[in-house]
>>> print(open('model39.txt').read())   # compact mmCIF, C-alpha atoms
# COMPACT_ATOMS: atom_id res chain seq x y z
CA MET A 1 102.70 76.67 148.65
CA PRO A 2 104.89 79.65 147.56
CA LYS A 3 103.00 82.50 145.86
CA ARG A 4 104.86 81.95 142.55
CA ASN A 5 103.84 78.28 142.48
CA GLN A 6 100.25 79.21 143.27
CA LEU A 7 100.21 81.64 140.35
CA GLN A 8 101.61 78.99 138.00
CA LYS A 9 99.13 76.37 139.15
CA LYS A 10 96.18 78.76 138.70
CA ALA A 11 97.45 79.86 135.27
CA ILE A 12 97.79 76.25 134.07
CA GLU A 13 94.25 75.51 135.29
CA ASP A 14 92.90 78.61 133.52
CA ILE A 15 94.66 77.76 130.26
CA THR A 16 93.73 74.07 130.14
CA SER A 17 90.11 74.77 131.10
CA THR A 18 89.90 77.17 128.14
CA TYR A 19 89.98 74.09 125.90
CA TYR A 20 86.53 73.20 127.22
CA SER A 21 85.11 76.74 127.17
CA GLU A 22 82.63 78.02 124.63
CA ASN A 23 84.73 80.86 123.25
CA GLY A 24 88.16 79.18 123.46
CA LEU A 25 90.03 82.41 124.20
CA PHE A 26 92.22 83.30 127.15
CA PHE A 27 94.68 86.16 127.69
CA GLY A 28 96.83 86.32 130.80
CA GLU A 29 99.19 89.05 131.90
CA TYR A 30 101.93 87.70 134.18
CA PRO A 31 104.87 89.69 135.53
CA THR A 32 108.50 88.96 134.72
CA GLY A 33 109.78 86.12 136.87
CA SER A 34 106.41 84.44 137.26
CA GLY A 35 107.50 81.45 135.15
CA LYS A 36 105.62 82.03 131.89
CA THR A 37 107.69 79.40 130.08
CA LYS A 38 106.83 76.75 132.65
CA ILE A 39 103.16 77.75 132.51
CA LEU A 40 103.05 77.30 128.74
CA LEU A 41 105.03 74.06 128.59
CA GLU A 42 103.12 72.33 131.37
CA SER A 43 99.77 73.54 129.99
CA ALA A 44 100.67 72.20 126.55
CA ILE A 45 101.78 68.81 127.90
CA LYS A 46 98.59 68.52 129.96
CA ILE A 47 96.42 69.23 126.90
CA LEU A 48 98.50 66.82 124.80
CA HIS A 49 97.91 63.95 127.24
CA GLU A 50 94.35 64.70 128.34
CA ARG A 51 92.90 65.58 124.93
CA ASP A 52 95.22 63.52 122.71
CA THR A 53 95.81 66.49 120.44
CA SER A 54 98.92 68.28 119.27
CA VAL A 55 99.57 71.77 120.62
CA ILE A 56 101.46 74.70 119.09
CA ILE A 57 103.46 77.01 121.35
CA ALA A 58 104.62 80.18 119.59
CA THR A 59 107.08 82.67 121.04
CA ALA A 60 108.59 85.86 119.64
CA ASN A 61 111.82 84.62 118.03
CA ASN A 62 114.14 81.65 117.56
CA ALA A 63 116.31 82.56 120.56
CA LEU A 64 113.25 82.17 122.78
CA VAL A 65 112.30 78.93 120.98
CA PHE A 66 115.65 77.39 121.90
CA ASP A 67 115.47 78.86 125.40
CA MET A 68 112.09 77.17 125.85
CA LEU A 69 113.54 73.89 124.63
CA SER A 70 116.36 74.23 127.14
CA LYS A 71 113.91 75.01 129.96
CA ALA A 72 111.87 71.92 129.04
CA LYS A 73 114.89 69.79 129.99
CA GLU A 74 115.07 71.55 133.36
CA TYR A 75 111.39 70.75 133.93
CA ASN A 76 112.00 67.07 133.01
CA ILE A 77 109.64 67.18 130.03
CA PRO A 78 110.52 64.20 127.78
CA SER A 79 112.10 65.38 124.52
CA GLU A 80 109.99 62.93 122.48
CA HIS A 81 106.94 65.07 123.30
CA LEU A 82 108.52 68.20 121.78
CA GLU A 83 109.50 69.29 118.29
CA VAL A 84 110.98 72.57 117.11
CA LEU A 85 109.32 74.00 114.02
CA ILE A 86 111.03 77.00 112.43
CA GLY A 87 111.82 78.25 108.92
CA LYS A 88 113.96 76.30 106.51
CA LYS A 89 116.73 78.90 106.68
CA ASN A 90 117.40 77.63 110.20
CA TYR A 91 118.16 74.14 108.90
CA VAL A 92 121.46 72.95 107.48
CA ASP A 93 121.76 72.68 103.71
CA LEU A 94 123.11 69.14 103.37
CA ASP A 95 124.80 69.86 100.03
CA VAL A 96 126.83 72.66 101.63
CA ILE A 97 128.10 70.66 104.62
CA ARG A 98 129.09 67.75 102.36
CA SER A 99 131.09 69.99 100.00
CA GLN A 100 134.86 69.74 100.07
CA VAL A 101 135.22 73.51 100.44
CA PHE A 102 133.17 73.51 103.62
CA LEU A 103 134.87 70.41 105.02
CA ASN A 104 138.30 71.95 104.47
CA GLU A 105 137.40 75.28 106.07
CA ALA A 106 135.57 73.66 109.00
CA GLY A 107 138.32 71.11 109.59
CA LEU A 108 135.86 68.21 109.32
CA THR A 109 135.82 64.95 107.40
CA LEU A 110 132.96 63.63 105.30
CA LYS A 111 132.71 60.66 107.66
CA GLN A 112 132.22 62.94 110.67
CA VAL A 113 129.39 64.71 108.90
CA ALA A 114 127.86 61.45 107.68
CA ASP A 115 127.93 59.96 111.19
CA TYR A 116 126.23 63.05 112.57
CA LEU A 117 123.52 62.96 109.87
CA GLU A 118 122.69 59.36 110.70
CA ILE A 119 121.51 60.54 114.11
CA ASN A 120 120.24 63.97 112.99
CA PRO A 121 118.99 63.69 109.40
CA GLU A 122 117.49 67.23 109.39
CA PRO A 123 119.86 69.20 111.63
CA LEU A 124 119.26 72.74 112.78
CA ILE A 125 122.12 75.16 112.15
CA TYR A 126 122.22 75.92 115.88
CA ASP A 127 122.68 72.23 116.78
CA PHE A 128 125.23 71.59 114.03
CA ILE A 129 127.41 74.56 115.03
CA GLU A 130 127.25 73.59 118.71
CA HIS A 131 127.99 69.91 118.07
CA PHE A 132 131.15 70.57 116.07
CA HIS A 133 132.19 73.72 118.03
CA LEU A 134 132.37 75.76 114.82
CA PRO A 135 132.93 79.54 114.63
CA HIS A 136 129.65 81.47 114.32
CA VAL A 137 130.66 82.81 110.88
CA PHE A 138 129.46 79.46 109.52
CA GLU A 139 125.89 80.14 110.69
CA ASP A 140 125.18 82.42 107.73
CA VAL A 141 126.42 80.07 105.03
CA ILE A 142 125.37 76.50 105.88
CA GLY A 143 121.64 77.18 105.81
CA PHE A 144 119.14 77.13 102.97
CA VAL A 145 118.64 80.25 100.90
CA ASP A 146 116.05 81.01 98.21
CA LEU A 147 117.90 82.21 95.12
CA GLU A 148 114.74 83.50 93.49
CA VAL A 149 111.83 85.46 94.92
CA PRO A 150 108.63 83.95 93.45
CA VAL A 151 106.24 86.26 91.62
CA ASP A 152 103.09 84.14 91.92
CA ASP A 153 99.85 85.69 93.06
CA LEU A 154 99.46 83.86 96.40
CA LEU A 155 101.13 85.28 99.48
CA VAL A 156 101.89 81.83 100.81
CA GLN A 157 103.74 80.94 97.61
CA GLU A 158 105.84 84.05 98.12
CA LYS A 159 106.90 82.95 101.58
CA VAL A 160 107.39 79.18 101.59
CA SER A 161 108.66 76.57 99.13
CA ASN A 162 106.63 73.53 98.11
CA LYS A 163 109.09 71.28 99.92
CA PHE A 164 108.59 73.11 103.16
CA ALA A 165 104.82 73.17 102.69
CA GLN A 166 105.03 69.37 102.80
CA LYS A 167 106.89 69.64 106.10
CA ILE A 168 104.13 71.82 107.49
CA ALA A 169 101.53 69.29 106.35
CA SER A 170 103.41 66.53 108.19
CA ILE A 171 102.60 68.25 111.52
CA ALA A 172 99.06 66.92 111.30
CA THR A 173 100.30 63.32 111.35
CA LYS A 174 102.06 63.68 114.74
CA LYS A 175 100.92 64.06 118.33
CA LYS A 176 103.40 66.47 119.85
CA VAL A 177 103.94 69.90 121.33
CA PHE A 178 105.39 72.00 118.52
CA ILE A 179 107.50 74.99 119.57
CA THR A 180 107.77 77.68 116.93
CA ASN A 181 108.17 81.44 116.49
CA HIS A 182 105.45 83.98 115.76
CA PHE A 183 106.47 84.39 112.12
CA PHE A 184 106.31 80.67 111.41
CA LEU A 185 102.94 80.37 113.16
CA ILE A 186 101.58 82.96 110.73
CA LEU A 187 103.21 81.10 107.84
CA ILE A 188 101.50 77.85 108.92
CA TYR A 189 98.11 79.51 109.12
CA ALA A 190 98.57 81.13 105.73
CA GLN A 191 98.37 77.61 104.30
CA ILE A 192 95.13 76.59 106.03
CA GLY A 193 92.13 76.57 103.74
CA ARG A 194 94.14 75.63 100.67
CA THR A 195 93.83 72.25 98.98
CA ASN A 196 95.94 70.14 101.33
CA MET A 197 93.56 68.56 103.84
CA GLN A 198 96.40 67.62 106.20
CA ILE A 199 97.31 71.28 106.57
CA ASN A 200 93.67 72.11 107.35
CA GLU A 201 93.85 69.73 110.33
CA ILE A 202 96.30 72.13 111.98
CA ALA A 203 93.37 74.50 112.62
CA LYS A 204 92.15 72.04 115.27
CA MET A 205 95.35 72.39 117.31
CA PRO A 206 95.36 74.70 120.34
CA ILE A 207 97.65 77.74 120.06
CA LEU A 208 99.54 78.95 123.14
CA MET A 209 101.32 82.26 122.50
CA ASP A 210 104.19 83.56 124.55
CA GLU A 211 104.99 87.31 124.32
CA ALA A 212 101.61 87.63 122.61
CA HIS A 213 101.81 91.43 122.45
CA GLN A 214 104.73 91.10 119.98
CA ILE A 215 102.99 89.02 117.33
CA ASN A 216 102.08 92.16 115.40
CA ASP A 217 105.81 92.65 114.69
CA ALA A 218 105.95 89.24 113.02
CA ALA A 219 102.74 89.97 111.09
CA THR A 220 104.17 93.24 109.80
CA ALA A 221 107.26 91.37 108.52
CA PHE A 222 105.16 88.58 107.00
CA PHE A 223 102.64 90.78 105.22
CA SER A 224 105.26 93.02 103.64
CA ASN A 225 108.39 92.92 101.48
CA THR A 226 111.27 95.35 101.84
CA PHE A 227 114.34 96.37 99.87
CA SER A 228 117.24 98.66 100.80
CA PRO A 229 119.36 100.30 98.05
CA TYR A 230 121.98 101.06 100.71
CA ARG A 231 122.19 97.43 101.78
CA LEU A 232 122.46 96.31 98.16
CA SER A 233 125.32 98.77 97.52
CA ILE A 234 127.20 97.29 100.50
CA TYR A 235 126.70 93.70 99.27
CA LEU A 236 127.91 94.67 95.80
CA LEU A 237 131.06 96.19 97.31
CA LEU A 238 131.73 93.14 99.49
CA VAL A 239 131.37 90.73 96.56
CA SER A 240 133.56 92.93 94.34
CA GLU A 241 136.39 92.54 96.88
CA THR A 242 136.35 88.73 96.80
CA LYS A 243 138.74 86.56 94.79
CA MET A 244 135.87 84.88 92.93
CA ALA A 245 134.82 88.23 91.40
CA LYS A 246 138.24 89.67 90.51
CA LYS A 247 137.42 89.59 86.76
CA ASP A 248 134.06 91.26 87.30
CA THR A 249 134.91 94.15 89.61
CA ALA A 250 134.16 96.83 86.99
CA MET A 251 130.53 95.75 86.61
CA LEU A 252 130.06 95.31 90.36
CA HIS A 253 131.56 98.76 91.07
CA SER A 254 129.29 100.29 88.43
CA PHE A 255 126.16 98.91 90.09
CA ASN A 256 127.54 99.88 93.49
CA ARG A 257 127.77 103.51 92.31
CA TYR A 258 124.26 103.27 90.87
CA PHE A 259 122.69 102.28 94.20
CA LYS A 260 124.80 104.76 96.16
CA GLU A 261 123.39 107.47 93.90
CA ILE A 262 119.84 106.20 94.55
CA CYS A 263 120.56 106.68 98.25
CA THR A 264 121.16 110.40 97.64
CA TYR A 265 117.62 110.94 96.32
CA ASP A 266 115.38 112.64 98.86
CA LYS A 267 112.05 112.26 97.05
CA SER A 268 110.05 109.01 97.18
CA ASP A 269 108.54 109.50 93.73
CA ALA A 270 111.97 110.05 92.14
CA ILE A 271 113.36 106.86 93.69
CA LEU A 272 110.42 104.70 92.60
CA GLU A 273 110.28 106.20 89.11
CA LYS A 274 114.00 105.59 88.55
CA LEU A 275 114.01 102.00 89.88
CA LYS A 276 110.76 100.96 88.19
CA ASP A 277 111.93 102.34 84.84
CA ASP A 278 115.28 100.54 85.09
CA VAL A 279 113.73 97.24 86.22
CA ILE A 280 110.60 97.08 84.04
CA GLN A 281 111.36 99.16 80.95
CA LYS A 282 115.14 98.93 80.57
CA ASN A 283 115.73 95.52 82.18
CA LYS A 284 118.91 97.09 83.52
CA PHE A 285 119.77 94.37 86.01
CA GLU A 286 119.68 91.32 83.75
CA LYS A 287 123.47 91.35 83.33
CA LEU A 288 123.92 91.54 87.08
CA LYS A 289 121.58 88.56 87.58
CA VAL A 290 123.60 86.57 85.03
CA LEU A 291 126.85 87.49 86.80
CA VAL A 292 125.47 86.50 90.22
CA ASN A 293 124.35 83.12 88.87
CA LYS A 294 127.76 82.61 87.25
CA LEU A 295 129.54 83.34 90.52
CA ASN A 296 127.18 81.00 92.31
CA ASP A 297 128.30 78.13 90.07
CA LYS A 298 131.99 78.67 90.80
CA LYS A 299 133.84 75.93 92.66
CA GLY A 300 136.15 76.43 95.62
CA VAL A 301 134.43 79.55 96.92
CA SER A 302 135.21 80.31 100.57
CA VAL A 303 132.60 80.37 103.33
CA VAL A 304 132.78 84.17 103.68
CA GLU A 305 132.46 84.66 99.92
CA GLN A 306 129.39 82.41 99.89
CA LYS A 307 127.84 84.53 102.64
CA HIS A 308 128.35 87.80 100.72
CA LEU A 309 127.03 86.29 97.51
CA LYS A 310 123.89 84.90 99.17
CA ASN A 311 123.13 88.30 100.68
CA LEU A 312 123.59 89.97 97.30
CA LYS A 313 121.30 87.46 95.56
CA GLN A 314 118.51 87.90 98.06
CA GLU A 315 118.57 91.70 98.05
CA LEU A 316 118.81 91.89 94.26
CA MET A 317 115.89 89.53 93.68
CA GLU A 318 113.84 91.29 96.35
CA MET A 319 114.36 94.60 94.52
CA ILE A 320 113.38 93.20 91.13
CA TYR A 321 110.30 91.56 92.61
CA LEU A 322 109.21 94.68 94.51
CA MET A 323 109.55 97.03 91.56
CA LYS A 324 106.89 95.00 89.73
CA ARG A 325 104.36 95.47 92.52
CA PRO A 326 101.92 98.35 93.01
CA TYR A 327 101.48 100.47 96.14
CA LEU A 328 105.08 100.81 97.23
CA ASN A 329 106.08 102.89 100.22
CA VAL A 330 109.43 104.66 100.77
CA THR A 331 110.74 105.53 104.22
CA PHE A 332 114.01 107.27 105.13
CA SER A 333 116.24 106.28 108.04
CA ALA A 334 116.50 108.84 110.84
CA ILE A 335 120.29 109.22 110.84
CA LYS A 336 121.67 108.37 107.39
CA LYS A 337 118.47 109.40 105.56
CA VAL A 338 118.80 106.39 103.24
CA PRO A 339 115.61 104.97 101.72
CA THR A 340 113.92 101.63 102.35
CA ILE A 341 111.21 100.54 99.93
CA SER A 342 108.38 98.31 101.12
CA SER A 343 105.22 96.76 99.79
CA ILE A 344 102.48 96.22 102.36
CA LEU A 345 100.35 93.35 101.12
CA ILE A 346 97.74 93.58 103.87
CA ASP A 347 97.36 95.44 107.16
CA SER A 348 99.04 93.32 109.84
CA ALA A 349 96.12 93.44 112.29
CA ILE A 350 93.66 92.46 109.55
CA GLY A 351 95.98 89.66 108.49
CA LEU A 352 96.11 88.34 112.05
CA ARG A 353 92.34 88.58 112.39
CA ASN A 354 91.90 86.53 109.20
CA MET A 355 94.29 84.01 110.68
CA TRP A 356 92.61 83.68 114.08
CA VAL A 357 89.17 82.98 112.63
CA LYS A 358 90.56 79.82 111.04
CA ASN A 359 91.33 78.33 114.46
CA LYS A 360 88.80 75.68 115.47
CA SER A 361 90.21 74.93 118.91
CA MET A 362 91.58 77.52 121.35
CA ILE A 363 93.86 80.55 121.40
CA VAL A 364 95.81 81.51 124.50
CA GLY A 365 98.03 84.56 124.74
CA ILE A 366 100.25 85.40 127.69
CA SER A 367 102.66 88.26 128.15
CA GLY A 368 104.45 90.37 130.69
CA THR A 369 102.43 93.31 129.43
CA PHE A 370 99.39 93.93 127.27
CA ARG A 371 99.64 97.60 128.27
CA ILE A 372 96.51 97.16 130.35
CA SER A 373 96.27 98.94 133.68
CA LYS A 374 94.18 97.34 136.39
CA TYR A 375 92.86 100.83 137.08
CA SER A 376 92.08 101.97 133.53
CA GLY A 377 89.78 99.14 132.52
CA PHE A 378 89.83 96.74 129.60
CA HIS A 379 87.68 98.56 127.04
CA GLU A 380 89.62 101.79 127.34
CA ASN A 381 92.69 99.97 126.03
CA GLU A 382 91.18 97.96 123.20
CA TRP A 383 93.86 99.23 120.81
CA SER A 384 96.40 96.82 122.33
CA PHE A 385 94.27 93.87 121.29
CA LYS A 386 93.35 95.34 117.92
CA GLN A 387 97.07 95.37 117.17
CA ILE A 388 97.23 91.58 117.57
CA GLY A 389 94.15 90.88 115.48
CA PHE A 390 91.24 90.97 117.90
CA LEU A 391 89.27 93.83 116.45
CA ARG A 392 85.97 93.61 118.31
CA PHE A 393 85.16 92.67 121.88
CA ASN A 394 81.98 91.16 123.20
CA SER A 395 80.80 88.77 125.90
CA THR A 396 82.46 85.79 124.21
CA PHE A 397 85.92 87.31 124.59
CA ALA A 398 87.61 85.96 127.71
CA HIS A 399 90.06 88.29 129.35
CA ARG A 400 91.69 87.72 132.71
CA PHE A 401 94.66 89.60 134.04
CA HIS A 402 96.83 88.71 137.02
>>> encode(input="model39.txt", output="structure tokens")
Amino acid sequence: MPKRNQLQKKAIEDITSTYYSENGLFFGEYPTGSGKTKILLESAIKILHERDTSVIIATANNALVFDMLSKAKEYNIPSEHLEVLIGKKNYVDLDVIRSQVFLNEAGLTLKQVADYLEINPEPLIYDFIEHFHLPHVFEDVIGFVDLEVPVDDLLVQEKVSNKFAQKIASIATKKKVFITNHFFLILIYAQIGRTNMQINEIAKMPILMDEAHQINDAATAFFSNTFSPYRLSIYLLLVSETKMAKKDTAMLHSFNRYFKEICTYDKSDAILEKLKDDVIQKNKFEKLKVLVNKLNDKKGVSVVEQKHLKNLKQELMEMIYLMKRPYLNVTFSAIKKVPTISSILIDSAIGLRNMWVKNKSMIVGISGTFRISKYSGFHENEWSFKQIGFLRFNSTFAHRFH
């Protein structure tokens, strides 16, 4: 048997046997080209069939999710055993693709779209674009977008709509291998322990992580909110140049100048004081919110105009939301020296640790590198594992490197 096949076979045995182990943890370091995707998929399918339980595979981003789905076909894994699970912004907004404006610009008929939806009632943007051979500019405008940023006290309410929470709950009713990204895995686990008992059942599903060393990046994004005055100034300028806003260019240019001026400030305290005063005390942006909502209701808006408007809405609402939060942090870009404001809700490693303890089954993490040298020893490099939420190590922590 070739060495690569031997490695894969041993890895699959190690991973599946972890399901029966006392601690339920396994970390494997496998070099590039060793077939990590095949190891994960075949391990998941084996657990699915032998233990009659759903399995969650999480990889770093959506590109790798779709790559894994493509590889599954190469490995002859039946598609009915697999389901992609990613954020709602990756799914087509049915109202948009049925609109006459979209149909005209895409060169499609309502019947073509209706026929497609009969077979794919909840299409992914990726699949829809590929099926109809549409230009990639449509990717940014046919998906869902949240027009408001919630201000409720629960982190999970800030990140996911009620409708999508129901979709997460529906996972518990199926027996499949779910392929998702790191961010969405964290989002799922943020729901566990709340009132929905179906969601709590997800804690019993094994987790197999690809590119496990990168999950801290997703945790940092999940447990924080950010806003860029520079980005907002650009979106204001782009919207001001559209036909839909030709009567409102003066107001849009005024706010554009305002945020460009903010970008010239070099003191964090001055930036936060100015923005907080204008948001909270002066309610300076109410007129801009009204204008954005008015433009949103306009008919016959082009695809590109919709894209610019959606970006403006999101950045504006993110700013208003952030300015009402305590403990804001300002960082300046290395080259342009423009500020980005963020609110860290919880340390990412602590957030991951709180997430892992909810798991009642098994956690497997594999990667090309955990930054562990076979010469330096495991305990000398504990920081790598602290970053991904495993803060203490003892005899119950399984670690095997290849």
>>> closest_residue(input="model39.txt", among="A:Ile171, A:Ile15, A:Leu108, A:Ile320", to="A:Asp278", atoms="all atoms listed in the file")
A:Ile320
>>> closest_residue(input="model39.txt", among="A:Ser268, A:Asn5, A:Ser79, A:Asn359", to="A:Ile186", atoms="all atoms listed in the file")
A:Asn359
>>> atom_distance(input="model39.txt", atom1="atom CA of A:Ile86", atom2="atom CA of A:Phe390")
24.8 Å
>>> closest_residue(input="model39.txt", among="A:Asn296, A:Ser99, A:Thr18, A:Asn62", to="A:Leu124", atoms="all atoms listed in the file")
A:Asn62
>>> atom_distance(input="model39.txt", atom1="atom CA of A:Val84", atom2="atom CA of A:Ile179")
4.9 Å
>>> atom_distance(input="model39.txt", atom1="atom CA of A:Ser367", atom2="atom CA of A:Glu22")
22.8 Å
>>> closest_residue(input="model39.txt", among="A:Leu185, A:Leu208, A:Leu41, A:Ile125", to="A:Val364", atoms="all atoms listed in the file")
A:Leu208
>>> closest_residue(input="model39.txt", among="A:Val65, A:Asp115, A:Ile207, A:Gln214", to="A:Ser43", atoms="only C-alpha atoms")
A:Ile207
>>> residues_near_point(input="model39.txt", point="(89.9, 73.2, 124.6)", cutoff="10 Å", atoms="only C-alpha atoms", output="ChimeraX atom specification")
/A:15-25,47,51,53,204-206,360-363
>>> build_atoms(input="model39.txt", residues="stretch 215-227 of chain A", atoms="N, CA, C and O atoms", output="mmCIF file, in the coordinates of the input")
data_model
loop_
_atom_site.group_PDB
_atom_site.id
_atom_site.type_symbol
_atom_site.label_atom_id
_atom_site.label_comp_id
_atom_site.auth_asym_id
_atom_site.auth_seq_id
_atom_site.Cartn_x
_atom_site.Cartn_y
_atom_site.Cartn_z
ATOM 1 N N ILE A 215 103.263 89.745 118.569
ATOM 2 C CA ILE A 215 102.990 89.020 117.330
ATOM 3 C C ILE A 215 102.698 89.968 116.164
ATOM 4 O O ILE A 215 102.879 89.623 115.000
ATOM 5 N N ASN A 216 102.297 91.194 116.475
ATOM 6 C CA ASN A 216 102.080 92.160 115.400
ATOM 7 C C ASN A 216 103.372 92.461 114.651
ATOM 8 O O ASN A 216 103.355 92.718 113.441
ATOM 9 N N ASP A 217 104.514 92.417 115.351
ATOM 10 C CA ASP A 217 105.810 92.650 114.690
ATOM 11 C C ASP A 217 106.067 91.582 113.624
ATOM 12 O O ASP A 217 106.524 91.883 112.521
ATOM 13 N N ALA A 218 105.765 90.326 113.979
ATOM 14 C CA ALA A 218 105.950 89.240 113.020
ATOM 15 C C ALA A 218 104.978 89.379 111.853
ATOM 16 O O ALA A 218 105.326 89.118 110.695
ATOM 17 N N ALA A 219 103.748 89.800 112.156
ATOM 18 C CA ALA A 219 102.740 89.970 111.090
ATOM 19 C C ALA A 219 103.155 91.067 110.129
ATOM 20 O O ALA A 219 102.987 90.934 108.913
ATOM 21 N N THR A 220 103.713 92.146 110.664
ATOM 22 C CA THR A 220 104.170 93.240 109.800
ATOM 23 C C THR A 220 105.264 92.742 108.847
ATOM 24 O O THR A 220 105.269 93.072 107.659
ATOM 25 N N ALA A 221 106.195 91.928 109.369
ATOM 26 C CA ALA A 221 107.260 91.370 108.520
ATOM 27 C C ALA A 221 106.691 90.393 107.493
ATOM 28 O O ALA A 221 107.123 90.368 106.334
ATOM 29 N N PHE A 222 105.706 89.594 107.903
ATOM 30 C CA PHE A 222 105.160 88.580 107.000
ATOM 31 C C PHE A 222 104.347 89.194 105.882
ATOM 32 O O PHE A 222 104.433 88.757 104.731
ATOM 33 N N PHE A 223 103.552 90.203 106.213
ATOM 34 C CA PHE A 223 102.640 90.780 105.220
ATOM 35 C C PHE A 223 103.273 91.942 104.464
ATOM 36 O O PHE A 223 102.579 92.809 103.944
ATOM 37 N N SER A 224 104.594 91.972 104.404
ATOM 38 C CA SER A 224 105.260 93.020 103.640
ATOM 39 C C SER A 224 106.563 92.497 103.054
ATOM 40 O O SER A 224 107.097 91.482 103.495
ATOM 41 N N ASN A 225 107.062 93.179 102.045
ATOM 42 C CA ASN A 225 108.390 92.920 101.480
ATOM 43 C C ASN A 225 109.169 94.229 101.528
ATOM 44 O O ASN A 225 108.598 95.304 101.326
ATOM 45 N N THR A 226 110.461 94.138 101.776
ATOM 46 C CA THR A 226 111.270 95.350 101.840
ATOM 47 C C THR A 226 112.562 95.196 101.033
ATOM 48 O O THR A 226 113.054 94.090 100.829
ATOM 49 N N PHE A 227 113.081 96.339 100.615
ATOM 50 C CA PHE A 227 114.340 96.370 99.870
ATOM 51 C C PHE A 227 115.088 97.642 100.253
ATOM 52 O O PHE A 227 114.499 98.716 100.374
#
